[in-house]
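Data block for target_1.txt (compact mmCIF, C-alpha atoms and all ligand atoms):
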# COMPACT_ATOMS: atom_id res chain seq x y z
CA MET A 1 0.00 0.00 0.00
CA SER A 2 1.52 3.33 -1.06
CA GLY A 3 -0.09 5.73 1.44
CA GLY A 4 -1.24 9.31 0.85
CA LYS A 5 -4.81 10.56 0.88
CA ALA A 6 -7.13 7.81 2.14
CA THR A 7 -10.81 7.39 2.93
CA ALA A 8 -12.34 4.83 5.26
CA SER A 9 -15.79 4.23 6.65
CA ALA A 10 -16.59 2.37 9.85
CA PRO A 11 -19.89 1.43 11.46
CA ALA A 12 -21.31 2.13 14.90
CA ASN A 13 -21.97 -0.85 17.15
CA ILE A 14 -24.52 -1.72 19.80
CA ALA A 15 -23.23 -3.28 23.02
CA PHE A 16 -24.92 -6.45 24.28
CA VAL A 17 -22.73 -6.39 27.41
CA LYS A 18 -21.77 -2.79 28.15
CA TYR A 19 -18.42 -1.12 28.63
CA TRP A 20 -19.24 1.10 31.61
CA GLY A 21 -16.53 1.95 34.11
CA ALA A 22 -12.81 2.20 33.40
CA ARG A 23 -9.54 1.75 35.25
CA ASP A 24 -8.28 4.67 33.17
CA PRO A 25 -11.11 6.37 31.21
CA ALA A 26 -8.85 8.65 29.13
CA ARG A 27 -6.88 5.64 27.83
CA ALA A 28 -10.00 3.47 27.60
CA LEU A 29 -8.68 0.74 29.90
CA PRO A 30 -11.90 -1.02 30.97
CA LEU A 31 -12.68 -2.75 34.25
CA ALA A 32 -14.48 -5.62 32.48
CA PRO A 33 -14.98 -7.07 28.99
CA SER A 34 -17.85 -5.98 26.73
CA ILE A 35 -19.52 -7.64 23.73
CA SER A 36 -21.26 -5.86 20.84
CA MET A 37 -22.82 -6.29 17.43
CA THR A 38 -21.25 -4.19 14.69
CA LEU A 39 -23.88 -2.37 12.62
CA GLU A 40 -23.99 -1.88 8.85
CA ARG A 41 -25.79 1.34 7.94
CA CYS A 42 -24.96 3.77 10.77
CA ARG A 43 -21.44 4.70 9.62
CA SER A 44 -18.85 7.44 9.79
CA ARG A 45 -16.84 8.19 6.67
CA THR A 46 -13.50 9.92 7.02
CA THR A 47 -10.87 11.19 4.58
CA VAL A 48 -7.36 11.99 5.80
CA GLU A 49 -4.85 13.85 3.68
CA PRO A 50 -1.23 14.23 4.81
CA LEU A 51 -0.28 17.94 4.74
CA PRO A 52 3.03 19.35 3.46
CA ALA A 53 5.86 19.16 6.01
CA ARG A 54 5.60 22.88 6.84
CA ALA A 55 2.01 22.52 8.13
CA GLY A 56 1.98 23.21 11.85
CA ALA A 57 -1.33 21.67 12.90
CA ASP A 58 -3.95 19.15 11.88
CA GLU A 59 -7.11 20.57 10.27
CA VAL A 60 -10.42 18.98 11.17
CA LEU A 61 -13.54 19.43 9.02
CA LEU A 62 -16.98 18.07 9.84
CA ARG A 63 -20.15 17.80 7.76
CA VAL A 64 -23.29 18.17 9.85
CA ALA A 65 -26.72 17.12 8.57
CA GLY A 66 -25.74 16.97 4.89
CA GLY A 67 -24.41 20.56 4.88
CA GLU A 68 -21.00 21.81 3.74
CA LEU A 69 -17.76 20.56 5.31
CA GLU A 70 -16.87 23.13 7.96
CA PRO A 71 -14.16 23.50 10.61
CA ALA A 72 -15.22 21.20 13.47
CA PRO A 73 -16.14 22.57 16.91
CA GLU A 74 -13.00 22.82 19.08
CA ARG A 75 -14.05 20.08 21.53
CA PHE A 76 -14.37 17.54 18.72
CA ALA A 77 -11.31 18.80 16.82
CA GLY A 78 -9.19 18.55 19.98
CA ARG A 79 -10.15 14.91 20.47
CA VAL A 80 -9.31 14.15 16.84
CA ARG A 81 -5.89 15.85 17.19
CA ARG A 82 -5.10 13.87 20.34
CA HIS A 83 -6.01 10.66 18.53
CA LEU A 84 -3.83 11.69 15.57
CA ASP A 85 -0.93 12.28 18.00
CA ALA A 86 -1.34 8.75 19.38
CA LEU A 87 -1.45 7.33 15.83
CA ARG A 88 1.70 9.28 14.84
CA GLU A 89 3.49 7.90 17.88
CA TRP A 90 2.44 4.37 16.92
CA ALA A 91 3.71 4.96 13.38
CA ALA A 92 7.03 6.17 14.80
CA GLY A 93 7.30 2.90 16.74
CA GLY A 94 6.31 4.32 20.14
CA GLY A 95 3.62 3.19 22.56
CA GLY A 96 1.04 5.46 20.98
CA GLU A 97 -0.07 7.48 23.99
CA GLY A 98 1.65 10.84 23.41
CA ALA A 99 2.47 13.55 20.84
CA VAL A 100 5.42 13.09 18.47
CA ALA A 101 6.62 14.46 15.16
CA GLY A 102 5.08 13.04 12.01
CA PRO A 103 2.84 14.24 9.21
CA ARG A 104 -0.01 16.60 10.07
CA PHE A 105 -3.32 15.80 8.41
CA ARG A 106 -6.39 17.45 6.96
CA VAL A 107 -9.28 15.33 8.23
CA ALA A 108 -12.84 15.48 6.87
CA THR A 109 -15.62 13.41 8.37
CA GLU A 110 -19.36 12.82 8.08
CA ASN A 111 -21.93 10.44 9.53
CA SER A 112 -24.58 8.52 7.61
CA PHE A 113 -26.97 8.86 10.53
CA PRO A 114 -28.48 12.12 11.78
CA ALA A 115 -25.77 13.93 13.75
CA ALA A 116 -28.23 15.19 16.31
CA ALA A 117 -29.89 11.81 16.80
CA GLY A 118 -28.13 11.26 20.11
CA LEU A 119 -26.57 8.07 18.75
CA ALA A 120 -23.00 7.41 19.81
CA SER A 121 -20.76 8.36 16.92
CA SER A 122 -17.44 8.05 18.75
CA ALA A 123 -17.15 4.32 17.99
CA SER A 124 -17.71 4.72 14.25
CA GLY A 125 -15.83 8.03 14.05
CA PHE A 126 -12.61 6.91 15.73
CA ALA A 127 -12.65 3.47 14.09
CA ALA A 128 -12.89 5.23 10.70
CA LEU A 129 -10.12 7.68 11.66
CA ALA A 130 -7.71 4.93 12.79
CA THR A 131 -8.41 2.93 9.60
CA ALA A 132 -7.95 5.95 7.31
CA VAL A 133 -4.73 7.11 9.02
CA ALA A 134 -3.20 3.62 8.87
CA ALA A 135 -3.98 3.59 5.12
CA ALA A 136 -2.57 7.11 4.66
CA LEU A 137 0.65 5.94 6.32
CA GLY A 138 0.92 3.05 3.88
CA ARG A 139 -0.12 0.30 6.34
CA ASP A 140 -2.83 -1.75 4.62
CA PRO A 141 -5.37 -1.63 7.50
CA LEU A 142 -7.88 -4.18 6.21
CA GLY A 143 -5.56 -6.44 4.20
CA ASP A 144 -4.49 -9.99 4.91
CA PRO A 145 -1.76 -9.96 7.63
CA ALA A 146 -0.05 -12.82 5.77
CA ARG A 147 0.51 -10.31 2.93
CA GLY A 148 1.63 -7.34 4.99
CA GLY A 149 -1.84 -6.19 6.08
CA LEU A 150 -2.29 -4.81 9.56
CA ASP A 151 -3.40 -7.30 12.18
CA ARG A 152 -7.05 -6.48 13.02
CA ALA A 153 -6.31 -6.76 16.76
CA GLU A 154 -3.66 -4.05 16.30
CA LEU A 155 -6.14 -1.88 14.39
CA SER A 156 -8.54 -2.24 17.35
CA SER A 157 -5.74 -1.03 19.62
CA LEU A 158 -5.25 2.00 17.34
CA ALA A 159 -8.96 2.82 17.49
CA ARG A 160 -8.94 2.49 21.31
CA ARG A 161 -6.13 5.03 21.58
CA SER A 162 -8.79 7.67 20.80
CA GLY A 163 -10.07 7.14 24.35
CA SER A 164 -13.24 5.46 23.03
CA GLY A 165 -13.31 1.79 24.02
CA SER A 166 -16.31 1.04 21.85
CA ALA A 167 -14.24 2.23 18.83
CA ALA A 168 -11.97 -0.78 19.46
CA ARG A 169 -14.96 -3.03 18.68
CA SER A 170 -16.07 -1.17 15.52
CA VAL A 171 -12.99 -2.17 13.49
CA LEU A 172 -14.29 -5.75 13.38
CA GLY A 173 -17.49 -7.02 11.80
CA GLY A 174 -20.16 -9.22 13.35
CA TYR A 175 -20.11 -10.01 17.07
CA VAL A 176 -17.09 -8.64 18.88
CA GLU A 177 -15.57 -8.97 22.34
CA TRP A 178 -13.25 -6.34 23.84
CA PRO A 179 -10.89 -6.86 25.52
CA SER A 180 -10.36 -10.36 24.27
CA GLU A 181 -7.57 -12.58 25.56
CA ALA A 182 -7.45 -14.14 22.11
CA ALA A 183 -6.46 -10.77 20.63
CA GLY A 184 -3.43 -10.29 22.91
CA GLY A 185 -2.19 -6.89 24.05
CA GLY A 186 -2.57 -7.51 27.78
CA GLU A 187 -4.10 -5.21 30.40
CA ASP A 188 -2.41 -2.06 29.17
CA ASP A 189 -3.32 -2.48 25.52
CA PRO A 190 -6.74 -4.18 25.40
CA ARG A 191 -7.67 -5.42 21.93
CA ALA A 192 -10.82 -6.79 20.32
CA ALA A 193 -11.60 -10.08 18.57
CA ALA A 194 -14.66 -11.34 16.68
CA LEU A 195 -16.82 -14.10 18.18
CA ALA A 196 -18.87 -14.65 15.00
CA THR A 197 -19.48 -12.93 11.66
CA ALA A 198 -22.60 -10.99 10.65
CA ALA A 199 -23.45 -13.75 8.16
CA ASP A 200 -23.27 -16.32 10.96
CA TRP A 201 -26.23 -14.65 12.68
CA PRO A 202 -28.14 -12.01 10.68
CA LEU A 203 -29.79 -10.00 13.47
CA ALA A 204 -31.33 -6.56 13.00
CA ASP A 205 -31.15 -3.47 15.22
CA VAL A 206 -34.26 -1.30 14.83
CA ILE A 207 -33.35 1.99 16.50
CA ALA A 208 -36.27 4.00 17.88
CA LEU A 209 -35.23 7.65 18.20
CA VAL A 210 -37.07 9.44 20.98
CA GLU A 211 -34.60 12.27 21.47
CA ASP A 212 -32.54 14.34 19.08
CA ALA A 213 -30.49 16.45 21.47
CA PRO A 214 -26.87 15.48 22.15
CA LYS A 215 -26.53 13.66 25.48
CA ALA A 216 -25.86 15.82 28.52
CA VAL A 217 -23.06 13.70 30.03
CA SER A 218 -20.35 12.14 27.85
CA SER A 219 -19.58 8.44 28.19
CA LEU A 220 -16.07 9.44 29.28
CA ASP A 221 -17.58 11.11 32.36
CA GLY A 222 -19.94 8.16 32.75
CA HIS A 223 -16.99 5.74 32.95
CA ARG A 224 -15.36 7.98 35.54
CA LEU A 225 -18.53 8.12 37.69
CA ALA A 226 -19.59 4.47 37.42
CA PRO A 227 -17.51 3.19 40.38
CA THR A 228 -19.25 5.76 42.66
CA SER A 229 -22.53 3.83 42.31
CA PRO A 230 -23.24 1.47 45.21
CA HIS A 231 -24.37 -1.07 42.58
CA PHE A 232 -21.13 -1.10 40.62
CA ALA A 233 -19.23 -3.72 42.67
CA ARG A 234 -22.18 -6.11 42.41
CA ARG A 235 -22.28 -5.54 38.65
CA LEU A 236 -18.61 -6.47 38.29
CA ALA A 237 -19.23 -9.66 40.29
CA GLU A 238 -22.22 -10.56 38.10
CA LEU A 239 -20.55 -9.84 34.75
CA PRO A 240 -18.61 -13.10 34.20
CA ARG A 241 -21.91 -15.04 34.23
CA ARG A 242 -23.55 -12.60 31.79
CA LEU A 243 -20.56 -12.61 29.46
CA ASP A 244 -20.66 -16.42 29.39
CA GLU A 245 -24.38 -16.36 28.70
CA VAL A 246 -23.97 -13.91 25.79
CA ARG A 247 -21.03 -15.84 24.31
CA ALA A 248 -23.08 -19.04 24.51
CA ALA A 249 -26.16 -17.37 22.95
CA ILE A 250 -24.02 -16.08 20.05
CA ARG A 251 -22.47 -19.51 19.53
CA ALA A 252 -25.94 -21.11 19.51
CA ARG A 253 -27.62 -18.22 17.53
CA ASP A 254 -30.23 -18.26 20.29
CA LEU A 255 -32.15 -14.97 20.55
CA GLU A 256 -34.43 -16.26 23.33
CA ARG A 257 -31.30 -16.83 25.39
CA LEU A 258 -29.65 -13.53 24.45
CA GLY A 259 -32.75 -11.31 24.87
CA PRO A 260 -33.20 -11.35 28.66
CA VAL A 261 -29.49 -10.66 29.20
CA LEU A 262 -29.68 -7.75 26.73
CA GLU A 263 -32.48 -6.11 28.71
CA GLU A 264 -30.79 -6.77 32.07
CA GLU A 265 -27.64 -5.12 30.77
CA ALA A 266 -29.45 -2.07 29.41
CA VAL A 267 -31.34 -1.48 32.64
CA GLU A 268 -28.21 -2.01 34.74
CA LEU A 269 -26.14 0.50 32.75
CA HIS A 270 -28.79 3.11 33.51
CA LEU A 271 -29.28 1.94 37.11
CA ILE A 272 -25.58 2.59 37.65
CA ALA A 273 -25.68 5.93 35.86
CA MET A 274 -28.74 7.05 37.85
CA SER A 275 -27.16 5.99 41.17
CA SER A 276 -23.71 7.46 40.47
CA ARG A 277 -22.63 10.46 42.54
CA PRO A 278 -23.59 12.87 41.06
CA PRO A 279 -26.34 10.94 39.25
CA VAL A 280 -26.70 10.86 35.47
CA PHE A 281 -30.12 10.49 33.84
CA TYR A 282 -30.23 9.55 30.16
CA TRP A 283 -33.79 8.21 29.94
CA ARG A 284 -36.64 10.35 28.62
CA PRO A 285 -40.35 9.56 28.93
CA GLY A 286 -40.22 8.20 25.38
CA THR A 287 -37.59 5.65 26.44
CA LEU A 288 -40.06 4.03 28.81
CA ALA A 289 -42.84 4.14 26.20
CA VAL A 290 -40.66 2.20 23.73
CA LEU A 291 -39.53 -0.31 26.38
CA GLU A 292 -43.17 -1.02 27.21
CA ALA A 293 -44.06 -1.35 23.55
CA VAL A 294 -41.24 -3.84 22.95
CA ARG A 295 -42.44 -6.00 25.82
CA ALA A 296 -45.99 -5.82 24.48
CA LEU A 297 -44.77 -6.80 20.98
CA ARG A 298 -43.19 -9.95 22.39
CA GLY A 299 -46.25 -10.84 24.40
CA SER A 300 -48.84 -10.10 21.72
CA GLY A 301 -48.93 -13.58 20.23
CA SER A 302 -47.52 -12.00 17.06
CA GLY A 303 -44.55 -14.36 17.03
CA LEU A 304 -42.22 -11.34 17.06
CA ALA A 305 -38.91 -11.72 18.90
CA ALA A 306 -37.92 -8.18 19.91
CA TRP A 307 -35.52 -7.34 22.74
CA ALA A 308 -34.50 -3.86 23.82
CA THR A 309 -31.17 -2.36 24.74
CA MET A 310 -29.76 1.14 25.14
CA ASP A 311 -26.45 2.93 25.16
CA ALA A 312 -25.72 6.04 27.20
CA GLY A 313 -28.65 7.91 25.71
CA ALA A 314 -32.44 7.97 25.56
CA ASN A 315 -32.91 6.03 22.31
CA VAL A 316 -33.85 2.37 22.26
CA HIS A 317 -32.21 -0.31 20.11
CA VAL A 318 -34.50 -3.24 19.37
CA ILE A 319 -32.67 -6.43 18.49
CA CYS A 320 -34.68 -8.87 16.39
CA PRO A 321 -34.36 -11.33 13.48
CA THR A 322 -33.76 -9.43 10.19
CA GLU A 323 -36.91 -10.86 8.62
CA GLN A 324 -39.02 -9.26 11.37
CA ALA A 325 -37.28 -5.85 11.29
CA GLY A 326 -39.69 -4.26 8.77
CA GLU A 327 -42.79 -5.04 10.79
CA ILE A 328 -41.18 -4.09 14.10
CA ALA A 329 -39.93 -0.77 12.63
CA GLU A 330 -43.44 -0.01 11.35
CA ARG A 331 -45.04 -0.72 14.70
CA LEU A 332 -42.50 1.34 16.65
CA ALA A 333 -42.78 4.27 14.21
CA ARG A 334 -46.50 4.50 15.10
CA LEU A 335 -45.73 5.33 18.75
CA PRO A 336 -46.24 9.06 19.47
CA ALA A 337 -42.95 9.15 21.43
CA VAL A 338 -40.91 7.94 18.44
CA ARG A 339 -39.54 10.67 16.15
CA SER A 340 -38.02 8.31 13.63
CA VAL A 341 -36.75 4.78 13.22
CA ILE A 342 -33.46 3.53 11.74
CA ASP A 343 -33.55 -0.01 10.41
CA ASP A 344 -29.98 -1.31 10.83
CA ARG A 345 -28.47 -4.77 10.98
CA ALA A 346 -25.32 -6.73 11.78
CA GLY A 347 -22.54 -5.74 9.38
CA ASP A 348 -18.99 -6.51 8.30
CA GLY A 349 -17.00 -3.61 9.76
CA PRO A 350 -14.83 -0.93 8.16
CA ALA A 351 -14.15 -0.42 4.46
CA LEU A 352 -11.76 1.66 2.35
CA HIS A 353 -13.14 3.90 -0.43
CA ASP A 354 -11.68 5.44 -3.59
CA GLU A 355 -13.99 8.44 -3.40
CA HIS A 356 -12.67 11.09 -1.02
CA LEU A 357 -14.55 13.77 0.93
CA ILE A 358 -11.87 16.37 0.17
O1 LIG A 401 -16.53 4.00 23.92
P1 LIG A 401 -17.14 4.95 24.85
O2 LIG A 401 -16.17 5.56 25.81
O3 LIG A 401 -17.98 5.99 24.15
O4 LIG A 401 -18.15 4.15 25.82
C1 LIG A 401 -19.22 3.38 25.34
C2 LIG A 401 -20.29 3.35 26.34
C3 LIG A 401 -21.56 2.62 25.93
O5 LIG A 401 -21.90 2.92 24.62
C4 LIG A 401 -22.68 3.11 26.85
C5 LIG A 401 -21.45 1.12 26.15
C6 LIG A 401 -20.70 0.35 25.11
O6 LIG A 401 -20.12 -0.67 25.50
O7 LIG A 401 -20.74 0.70 23.93
Using the file provided, produce a representation of the structure as structure tokens.
Ligand code: PMV
Amino acid sequence: MSGGKATASAPANIAFVKYWGARDPARALPLAPSISMTLERCRSRTTVEPLPARAGADEVLLRVAGGELEPAPERFAGRVRRHLDALREWAAGGGGEGAVAGPRFRVATENSFPAAAGLASSASGFAALATAVAAALGRDPLGDPARGGLDRAELSSLARRSGSGSAARSVLGGYVEWPSEAAGGGEDDPRAAALATAADWPLADVIALVEDAPKAVSSLDGHRLAPTSPHFARRLAELPRRLDEVRAAIRARDLERLGPVLEEEAVELHLIAMSSRPPVFYWRPGTLAVLEAVRALRGSGSGLAAWATMDAGANVHVICPTEQAGEIAERLARLPAVRSVIDDRAGDGPALHDEHLI
């Protein structure tokens, strides 16, 4: 791979077992493993262009809601620059956690899903950035490692160095565990590995949007606060059993086995957030309306298998077989609390593109 301007896209993911609580939130060193399903349609697309040697700083452009590419707000641009520093250090052969010399970049990024939908875009955004930068530096990020391609576990480490742990999962397709012992890296460099491909188990994620404001408390602050909840220690003790249950359900493609654990996990994430000190409330009245509707769907004798989960936000992800997604999306869209519905599904992870944003 020759390097130079490169464009990558990467999908968001929905956690089945949540990453919530970190030993070191800024470095995304988690206190427990998490497992997610990589999505297909909710994606970030990012072009990176190495700048001439005299350029002093990285430039970060963002397209919001289909508008023009514009200089990104400083909070977002700062996070991108810190991630670029970590990637430059990796490229220079360092540990990847600090600023070093190396090419500066012009970065342009956009999301396929509504920016104000309150959906987490850090996973897709930083997975796309790590993939595009590796390509721009001439390291074939998605190629076969036997032919010089980057090891996918290493790419997950690069995505994690953004400070977003969920980004480490978005560089792989299908069903992904992070950290995974199988992926190596150890405690100080947790890496992700796939448990199964999207084709192995074609599940859908029907996302019911009940809120379109950005969330009030970032997940970074959520990770920091989690251990202050009196329920957190019990959660950590309970997690090995849940992780085993989810791994087994994925191996057996058994949604009836996965579903109850999904809902337990979603409620517990929010139980911990709400009982942190200070407390964090992500739910809106519409959240509860959708949760009730999902339970009613399952119990209605309709034969629908719909199970709800949530990230650190008010919107509800409904996991179901792909062949039922259309009907479930239609029924959820009829609820007054639901502003819109995104019909997504398990997908294959990041991709490189010839068409650039800049
Ligand atoms: O990757 P972060 O730091 O944005 O944290 C992700 C937090 C959750 O989305 C709530 C859970 C998860 O595992 O994705």
Exercise for review: Could you please extract the residues within 7 Å of ligand LIG 401 (chain A), counting only C-alpha atoms and all ligand atoms, and hand them back as a PyMOL selection string?
Suggested key: chain A and resi 14-15+17-20+28+34+120+122-123+163-167+219-220+311-312
_I'd like the neighbourhood of range 58-70 of chain A as a ChimeraX atom specification, where a residue qualifies if any of its atoms comes within 7 Å (using all atoms listed in the file), though same-chain residues fewer than 2 positions away should be ignored._
/A:72,77,81,104-110,114-115
Please provide as a ChimeraX atom specification all residues within 8 Å of range 338-349 of chain A, with the sequence filter that same-chain residues fewer than 2 positions apart are discarded (counting only C-alpha atoms).
/A:10-11,37-42,170-174,197-198,202-211,286,290,322,325-326,329,332-336,351
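Nearest-residue note for Phe16 in chain A: choosing from A:Ala306, A:Ala130, A:Ile35, A:Ala146, the minimum distance belongs to A:Ile35, counting all atoms listed in the file.
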**OP:** List the neighbours of range 134-140 of chain A out to 7 Å using all atoms listed in the file; skip same-chain residues closer than 6 positions along the sequence, and give me the result as number ranges by chain.
**Re:** A: 1-6, 48, 149-150
Check your understanding: Got a sec to check which residues sit within 10 Å of (-12.8, 7.1, -1.3), counting all atoms listed in the file, and write them as a count of residues only?
Key -> 17
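You can rank A:Leu119, A:Ala127, A:Leu255, A:Val261 by their closest distance to His83 in chain A using only C-alpha atoms, and at the top of that list sits A:Ala127.
Nearest to Leu262 in chain A of all the residues A:Ala237, A:Val316, A:Leu304, A:Ala216 is A:Val316, counting all atoms listed in the file.
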Correct to one decimal, the distance CA of Arg277 in chain A-CA of Pro240 in chain A is 25.3 Å
inquiry  = Just want the 12 Å neighbourhood of Arg224 in chain A, counted on all atoms listed in the file, with same-chain residues fewer than 4 positions away dropped. Output as a VMD selection string.
reply    = chain A and resid 19 to 31 217 to 220 228 to 229 232 272 to 273 276 to 280
Write a file of the just-selected residues containing C-alpha atoms, as a short mmCIF file (atom, residue, chain, number, x, y, z; two decimals), in the frame of the given file.
data_model
loop_
_atom_site.label_atom_id
_atom_site.label_comp_id
_atom_site.auth_asym_id
_atom_site.auth_seq_id
_atom_site.Cartn_x
_atom_site.Cartn_y
_atom_site.Cartn_z
CA TYR A 19 -18.42 -1.12 28.63
CA TRP A 20 -19.24 1.10 31.61
CA GLY A 21 -16.53 1.95 34.11
CA ALA A 22 -12.81 2.20 33.40
CA ARG A 23 -9.54 1.75 35.25
CA ASP A 24 -8.28 4.67 33.17
CA PRO A 25 -11.11 6.37 31.21
CA ALA A 26 -8.85 8.65 29.13
CA ARG A 27 -6.88 5.64 27.83
CA ALA A 28 -10.00 3.47 27.60
CA LEU A 29 -8.68 0.74 29.90
CA PRO A 30 -11.90 -1.02 30.97
CA LEU A 31 -12.68 -2.75 34.25
CA VAL A 217 -23.06 13.70 30.03
CA SER A 218 -20.35 12.14 27.85
CA SER A 219 -19.58 8.44 28.19
CA LEU A 220 -16.07 9.44 29.28
CA THR A 228 -19.25 5.76 42.66
CA SER A 229 -22.53 3.83 42.31
CA PHE A 232 -21.13 -1.10 40.62
CA ILE A 272 -25.58 2.59 37.65
CA ALA A 273 -25.68 5.93 35.86
CA SER A 276 -23.71 7.46 40.47
CA ARG A 277 -22.63 10.46 42.54
CA PRO A 278 -23.59 12.87 41.06
CA PRO A 279 -26.34 10.94 39.25
CA VAL A 280 -26.70 10.86 35.47
#
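Distance-wise, CA of Gly184 in chain A and CA of Arg251 in chain A end up 21.4 Å apart.
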Within 6 Å of (-31.2, -3.7, 21.1) (file coordinates; only C-alpha atoms), which protein or nucleic acid residues are there? I'd like them as an MDAnalysis selection string.
chainID A and resid 205 307:309 317:319
Using only C-alpha atoms, the residue out of A:Ala57, A:Leu155, A:Ala296, A:Asp221 with shortest distance to Ala193 in chain A is A:Leu155
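Residue nearest Val176 in chain A, chosen from A:Pro214, A:Leu142, A:Ala194, A:Ser300 and counting all atoms listed in the file: A:Ala194.
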Starting from 4 Å padding per side, set up an axis-aligned box that covers all listed atoms of range 193-203 of chain A and hand over centre and edge lengths in Å, one decimal, as AutoDock Vina command-line options.
--center_x -20.7 --center_y -13.2 --center_z 13.4 --size_x 26.2 --size_y 14.3 --size_z 18.4
